[in-house]
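Peer 1: The following file, protein-v1.cif, comprises mmCIF, C-alpha atoms:
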data_work
loop_
_atom_site.label_atom_id
_atom_site.label_comp_id
_atom_site.auth_asym_id
_atom_site.auth_seq_id
_atom_site.Cartn_x
_atom_site.Cartn_y
_atom_site.Cartn_z
CA SER A 1 3.50 78.64 83.05
CA GLY A 2 5.44 80.00 86.04
CA THR A 3 8.55 80.97 84.09
CA ASN A 4 9.40 84.61 83.32
CA LYS A 5 9.36 85.49 79.64
CA MET A 6 12.27 87.57 78.42
CA PRO A 7 11.55 90.19 75.74
CA SER A 8 12.34 88.93 72.26
CA PRO A 9 15.22 90.60 70.39
CA ALA A 10 12.70 92.01 67.90
CA SER A 11 10.56 93.67 70.60
CA PHE A 12 10.27 97.45 70.48
CA ASP A 13 12.61 99.13 72.98
CA ALA A 14 10.86 102.42 73.80
CA THR A 15 13.65 103.64 76.10
CA SER A 16 16.32 103.09 73.46
CA TRP A 17 14.40 104.92 70.75
CA LEU A 18 13.42 107.77 73.04
CA LEU A 19 17.07 108.34 73.93
CA PHE A 20 17.96 108.16 70.22
CA LEU A 21 15.32 110.78 69.33
CA ALA A 22 16.22 113.01 72.28
CA VAL A 23 19.88 113.15 71.26
CA LEU A 24 19.04 113.41 67.53
CA VAL A 25 16.73 116.40 67.98
CA ASN A 26 19.06 117.91 70.57
CA GLN A 27 22.05 117.81 68.22
CA SER A 28 19.92 119.21 65.40
CA GLY A 29 19.11 122.11 67.70
CA ARG A 30 22.79 122.54 68.51
CA VAL A 31 23.48 123.76 64.97
CA MET A 32 20.27 125.80 64.76
CA VAL A 33 21.61 129.25 65.64
CA PRO A 34 24.95 128.82 63.80
CA SER A 35 22.98 127.77 60.70
CA LEU A 36 20.88 130.92 60.95
CA LYS A 37 23.76 133.30 61.64
CA THR A 38 24.05 134.60 58.05
CA SER A 39 20.29 135.15 57.86
CA VAL A 40 20.25 137.00 61.19
CA LEU A 41 23.13 139.21 60.01
CA ALA A 42 21.08 140.08 56.91
CA ASP A 43 18.05 141.07 59.02
CA PRO A 44 17.54 144.86 58.68
CA ASP A 45 16.61 145.18 62.36
CA PHE A 46 19.01 142.66 63.90
CA GLY A 47 21.94 142.57 61.48
CA GLU A 48 24.05 145.49 62.65
CA PRO A 49 23.69 145.01 66.43
CA PHE A 50 24.12 141.23 66.05
CA ALA A 51 27.35 141.72 64.07
CA ALA A 52 28.68 143.87 66.91
CA VAL A 53 28.20 141.15 69.55
CA VAL A 54 28.45 137.84 67.68
CA GLY A 55 32.15 137.41 68.49
CA GLY A 56 31.49 137.79 72.20
CA LEU A 57 28.52 135.43 71.97
CA LEU A 58 30.66 132.74 70.36
CA SER A 59 33.13 133.04 73.25
CA GLY A 60 30.20 132.90 75.68
CA VAL A 61 28.91 129.73 74.03
CA SER A 62 32.28 128.05 74.57
CA ILE A 63 32.31 129.03 78.26
CA VAL A 64 28.70 127.91 78.75
CA CYS A 65 29.43 124.55 77.11
CA LEU A 66 32.38 124.00 79.44
CA GLY A 67 30.23 124.92 82.44
CA GLY A 68 27.47 122.62 81.21
CA LYS A 69 29.85 119.68 81.06
CA LEU A 70 31.09 120.32 84.60
CA LEU A 71 27.61 120.80 86.06
CA GLY A 72 26.25 117.86 84.10
CA ALA A 73 28.93 115.59 85.50
CA ALA A 74 28.24 116.85 89.02
CA PHE A 75 24.45 116.52 89.02
CA THR A 76 23.40 113.90 86.47
CA ASP A 77 24.24 110.86 88.62
CA ARG A 78 22.62 112.47 91.64
CA LEU A 79 19.39 113.52 89.90
CA GLY A 80 19.12 110.75 87.33
CA GLY A 81 19.25 110.98 83.56
CA TRP A 82 15.50 111.26 82.94
CA LEU A 83 15.07 114.23 85.29
CA VAL A 84 18.03 115.97 83.66
CA LEU A 85 16.52 115.34 80.21
CA VAL A 86 13.21 116.80 81.39
CA THR A 87 15.10 119.89 82.59
CA VAL A 88 17.01 120.06 79.30
CA PHE A 89 13.84 120.15 77.22
CA VAL A 90 12.24 122.74 79.50
CA MET A 91 15.30 124.96 78.97
CA TRP A 92 15.35 124.18 75.28
CA LEU A 93 11.70 125.07 74.76
CA ALA A 94 12.26 128.34 76.60
CA ALA A 95 15.39 129.06 74.54
CA THR A 96 13.76 128.33 71.17
CA ALA A 97 10.52 130.19 71.92
CA GLY A 98 12.52 133.08 73.39
CA ALA A 99 14.77 133.28 70.33
CA ILE A 100 11.76 133.24 67.97
CA ALA A 101 10.08 136.08 69.87
CA ALA A 102 13.28 137.96 70.83
CA PRO A 103 12.64 141.71 70.62
CA THR A 104 16.34 142.60 70.88
CA VAL A 105 19.72 141.12 70.04
CA ASP A 106 20.53 140.88 73.76
CA VAL A 107 17.53 138.61 74.40
CA PHE A 108 18.40 136.55 71.31
CA GLY A 109 21.95 136.15 72.64
CA TYR A 110 20.77 134.97 76.05
CA MET A 111 18.52 132.39 74.38
CA TRP A 112 21.48 131.18 72.31
CA LEU A 113 23.51 130.69 75.50
CA LEU A 114 20.62 128.80 77.16
CA ASN A 115 20.32 126.58 74.10
CA SER A 116 24.05 125.84 74.28
CA PHE A 117 23.88 124.92 77.95
CA ALA A 118 20.94 122.56 77.35
CA TYR A 119 22.51 120.55 74.52
CA THR A 120 25.82 120.25 76.40
CA VAL A 121 24.14 118.45 79.32
CA THR A 122 22.13 116.06 77.14
CA TRP A 123 24.87 113.55 76.30
CA GLY A 124 25.76 112.85 79.94
CA ALA A 125 22.08 112.41 80.82
CA ALA A 126 21.56 109.90 78.00
CA VAL A 127 24.66 107.95 79.04
CA GLN A 128 23.43 107.85 82.66
CA VAL A 129 20.09 106.37 81.54
CA VAL A 130 21.89 103.72 79.46
CA GLY A 131 24.03 102.78 82.47
CA ALA A 132 21.01 102.61 84.79
CA VAL A 133 18.63 100.71 82.50
CA TYR A 134 20.78 98.30 80.50
CA GLY A 135 22.97 95.40 81.55
CA GLU A 136 26.66 95.09 80.84
CA LYS A 137 26.15 93.20 77.58
CA GLU A 138 23.58 95.65 76.21
CA ARG A 139 25.36 98.89 77.07
CA PRO A 140 27.92 99.03 74.20
CA ALA A 141 25.21 98.70 71.54
CA GLN A 142 23.02 101.31 73.26
CA LEU A 143 25.90 103.77 73.65
CA SER A 144 26.77 103.27 69.98
CA LYS A 145 23.15 104.02 69.04
CA VAL A 146 23.12 107.23 71.09
CA ALA A 147 26.48 108.26 69.58
CA SER A 148 25.12 107.71 66.07
CA ALA A 149 22.14 109.94 66.92
CA SER A 150 24.59 112.65 67.97
CA ARG A 151 26.46 112.46 64.64
CA PHE A 152 23.36 112.26 62.45
CA GLY A 153 21.56 115.00 64.39
CA ALA A 154 24.09 117.72 63.58
CA THR A 155 24.12 116.77 59.89
CA LEU A 156 20.32 116.57 59.77
CA GLY A 157 20.02 119.96 61.46
CA ASN A 158 22.33 121.65 58.96
CA LEU A 159 20.39 120.15 56.05
CA PHE A 160 16.98 120.96 57.53
CA PHE A 161 17.66 124.57 58.49
CA GLY A 162 19.61 125.17 55.28
CA GLN A 163 16.75 123.93 53.12
CA LEU A 164 14.21 126.12 54.91
CA LEU A 165 16.44 129.17 54.50
CA SER A 166 16.96 128.32 50.81
CA ALA A 167 13.19 128.10 50.41
CA GLY A 168 12.95 131.73 51.52
CA PHE A 169 11.73 131.35 55.11
CA ALA A 170 12.74 134.06 57.56
CA TRP A 171 15.09 132.96 60.35
CA ARG A 172 12.39 133.19 63.04
CA ARG A 173 10.07 130.89 61.07
CA VAL A 174 12.90 128.42 60.45
CA MET A 175 13.13 127.79 64.20
CA MET A 176 9.41 127.19 64.68
CA PRO A 177 9.32 123.46 63.74
CA MET A 178 11.64 122.74 66.68
CA VAL A 179 9.03 123.84 69.22
CA PRO A 180 6.54 120.94 68.77
CA LEU A 181 9.41 118.43 68.57
CA GLN A 182 10.88 119.70 71.82
CA ALA A 183 7.45 119.78 73.48
CA ALA A 184 6.75 116.17 72.45
CA LEU A 185 10.12 114.99 73.78
CA LEU A 186 9.56 116.91 77.01
CA LEU A 187 6.26 115.07 77.56
CA LEU A 188 7.79 111.67 76.73
CA CYS A 189 10.81 112.20 79.00
CA THR A 190 8.51 113.40 81.79
CA TYR A 191 6.41 110.25 81.39
CA LYS A 192 9.53 108.05 81.53
CA TYR A 193 10.79 109.89 84.61
CA PHE A 194 7.57 109.32 86.56
CA THR A 195 7.06 105.72 85.41
CA ASP A 196 10.67 104.80 86.21
CA SER A 197 10.38 106.52 89.60
CA GLY A 198 7.25 104.49 90.34
CA LEU A 199 8.98 101.25 89.39
CA ARG A 200 11.95 102.07 91.63
CA ALA A 201 9.64 102.90 94.53
CA SER A 202 7.75 99.62 94.07
CA ALA A 203 10.99 97.66 93.93
CA ALA A 204 12.29 99.38 97.08
CA ALA A 205 9.03 98.67 98.91
CA ALA A 206 9.16 95.02 97.88
CA ALA A 207 12.79 94.73 99.01
CA ALA A 208 11.97 96.35 102.35
CA ALA A 209 9.06 93.96 102.89
CA THR A 210 11.07 90.79 102.21
CA PRO A 211 13.01 90.59 105.53
CA SER A 212 9.87 91.09 107.62
CA ALA A 213 8.13 88.29 105.74
CA ALA A 214 11.10 86.02 106.38
CA THR A 215 11.01 86.93 110.06
CA ARG A 216 7.33 86.01 110.37
CA SER A 217 8.00 82.61 108.84
#
Could you take the file, read its structure, and then write that structure out as C-alpha cells?
Peer 2:
Amino acid sequence: SGTNKMPSPASFDATSWLLFLAVLVNQSGRVMVPSLKTSVLADPDFGEPFAAVVGGLLSGVSIVCLGGKLLGAAFTDRLGGWLVLVTVFVMWLAATAGAIAAPTVDVFGYMWLLNSFAYTVTWGAAVQVVGAVYGEKERPAQLSKVASASRFGATLGNLFFGQLLSAGFAWRRVMMPMVPLQAALLLLCTYKYFTDSGLRASAAAAAAATPSAATRS
C-alpha cells in the first residue's frame, strides 16, 4: 500500500550494463590501432611514412595516456562521470571517423593520440558513476563488473580486428564497425546524463522546499 518497493535482485540494472558496455567497447577500441599497425605498414600509400613516425607516435601515446589520467582525476569528480563519458564518446567518434578518412599519416597519428586520450579517461568516469549511484554494499560488485569489462574488451578487440584483417578487409574498413557502436553509446550516455541531472534537480528542489513547509506548519 504505502510502503516503498525495492527493486528485486533480478531486475534489470540499466546503469550497470551501460557502464559495462561503455568500458567493454572502449577497451576494444584501445587495441584498435595497435592491431592494425602491421596492415597500415603494408599500405602502399601509408606504409613508408607511417614507419618513419610510428616510434614517435608510440611515445606520444604514452605521454597522452599519462596526461589523460591526470586530467581525468582533476575533472571527473567536478563534472560527473556521465558528462565525462559523453565527452569521451564524442572524442572517440571523431578519432575513429578521422582515422578512417585520414588523408595523411600526420592526421592518422593525431587521431590515434585522440583515441588514446579518450580511453584513458573512461575508467575514472565509470568509477565515479559507480560511487555516485551505488551504495556501499553494491559498489564492490559493480567495480568488479566494470573491471571485467576492461579485461574482456581488450581481448575481444584483438580477436575482432584480427579476424577482420584475416578475412582480407583493408585497415580502414576494419575500423568502420566501431562508429555505430560509439554513436549508440554516445546517445545512451547523453540520455543518462540528462535524466540523472533532472533527478538531481528535482531532489534538490524537494529538499529546498522542505524547511519552508515545516515553517508554515
Peer 1: Counting only C-alpha atoms, which of A:Leu113, A:Ala42, A:Val105, A:Val25 gets nearest to Gln182 (chain A)?
Peer 2: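 Nearest candidate to Gln182 (chain A) out of A:Leu113, A:Ala42, A:Val105, A:Val25: A:Val25.
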Peer 1: List as a list in words: which residues have an atom within 7 Å of (27.3, 130.5, 67.3), counting all atoms listed in the file?
Peer 2: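 Protein, DNA and RNA residues close to (27.3, 130.5, 67.3): Val33, Pro34, Leu57, Leu58 and Val61 of chain A.
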Peer 1: Store the residues picked out above, limited to C-alpha atoms, as a PDB file, in the frame of the given file.
Peer 2:
ATOM      1  CA  VAL A  33      21.610 129.250  65.640  1.00  0.00           C
ATOM      2  CA  PRO A  34      24.950 128.820  63.800  1.00  0.00           C
ATOM      3  CA  LEU A  57      28.520 135.430  71.970  1.00  0.00           C
ATOM      4  CA  LEU A  58      30.660 132.740  70.360  1.00  0.00           C
ATOM      5  CA  VAL A  61      28.910 129.730  74.030  1.00  0.00           C
TER       6      VAL A  61
END
Peer 1: Identify all residues satisfying the PyMOL selection byres ((chain A and resi 20) around 10) in the given file; provide them as an mmCIF file with C-alpha atoms, in the frame of the given file.
Peer 2:
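Saved to result.cif:
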data_model
loop_
_atom_site.group_PDB
_atom_site.id
_atom_site.type_symbol
_atom_site.label_atom_id
_atom_site.label_comp_id
_atom_site.auth_asym_id
_atom_site.auth_seq_id
_atom_site.Cartn_x
_atom_site.Cartn_y
_atom_site.Cartn_z
ATOM 1 C CA ALA A 14 10.860 102.420 73.800
ATOM 2 C CA THR A 15 13.650 103.640 76.100
ATOM 3 C CA SER A 16 16.320 103.090 73.460
ATOM 4 C CA TRP A 17 14.400 104.920 70.750
ATOM 5 C CA LEU A 18 13.420 107.770 73.040
ATOM 6 C CA LEU A 19 17.070 108.340 73.930
ATOM 7 C CA LEU A 21 15.320 110.780 69.330
ATOM 8 C CA ALA A 22 16.220 113.010 72.280
ATOM 9 C CA VAL A 23 19.880 113.150 71.260
ATOM 10 C CA LEU A 24 19.040 113.410 67.530
ATOM 11 C CA VAL A 25 16.730 116.400 67.980
ATOM 12 C CA ASN A 26 19.060 117.910 70.570
ATOM 13 C CA ALA A 126 21.560 109.900 78.000
ATOM 14 C CA GLN A 142 23.020 101.310 73.260
ATOM 15 C CA LEU A 143 25.900 103.770 73.650
ATOM 16 C CA LYS A 145 23.150 104.020 69.040
ATOM 17 C CA VAL A 146 23.120 107.230 71.090
ATOM 18 C CA ALA A 147 26.480 108.260 69.580
ATOM 19 C CA SER A 148 25.120 107.710 66.070
ATOM 20 C CA ALA A 149 22.140 109.940 66.920
ATOM 21 C CA SER A 150 24.590 112.650 67.970
ATOM 22 C CA GLY A 153 21.560 115.000 64.390
#
Peer 1: Given all atoms listed in the file as the basis, pick out the residue of A:Arg173, A:Phe46, A:Tyr119, A:Leu71 nearest to Ala154 (chain A).
Peer 2: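 Checking each of A:Arg173, A:Phe46, A:Tyr119, A:Leu71 against Ala154 (chain A), counting all atoms listed in the file, the winner is A:Tyr119.
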Peer 1: Of the residues A:Val84, A:Met175, A:Ala170, A:Leu41, which is the one nearest to Gly157 (chain A), using all atoms listed in the file?
Peer 2: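 The shortest atom-to-atom distance to Gly157 (chain A) comes from A:Met175.
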Peer 1: Mind giving me the straight-line distance from CA of Pro140 (chain A) to CA of Lys192 (chain A) in Å, one decimal?
Peer 2: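 The value is 21.8 Å.
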Peer 1: Just checking: using only C-alpha atoms, which residue out of A:Gly162, A:Thr104, A:Met178, A:Ala95 ends up closest to Glu48 (chain A)?
Peer 2: A:Thr104
Peer 1: Step by step, work through what the PyMOL selection byres ((chain A and resi 111) around 8) selects in the shown file, and finish by giving those residues as a count of residues only.
Peer 2: 13
Peer 1: Please provide the set of residues having any atom within 6 Å of Phe117 (chain A), restricted to all atoms listed in the file, with same-chain residues fewer than 5 positions apart removed, written as number ranges by chain.
Peer 2: A: 64-65, 68
Peer 1: Using all atoms listed in the file for the distances, tell me which of A:Thr155, A:Ser35, A:Ser116, A:Gln27 is nearest to Gly60 (chain A).
Peer 2: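 Closest candidate: A:Ser116.
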Peer 1: In Å, with one decimal, what is the gap from CA of Thr87 (chain A) to CA of Tyr193 (chain A)?
Peer 2: 11.1 Å
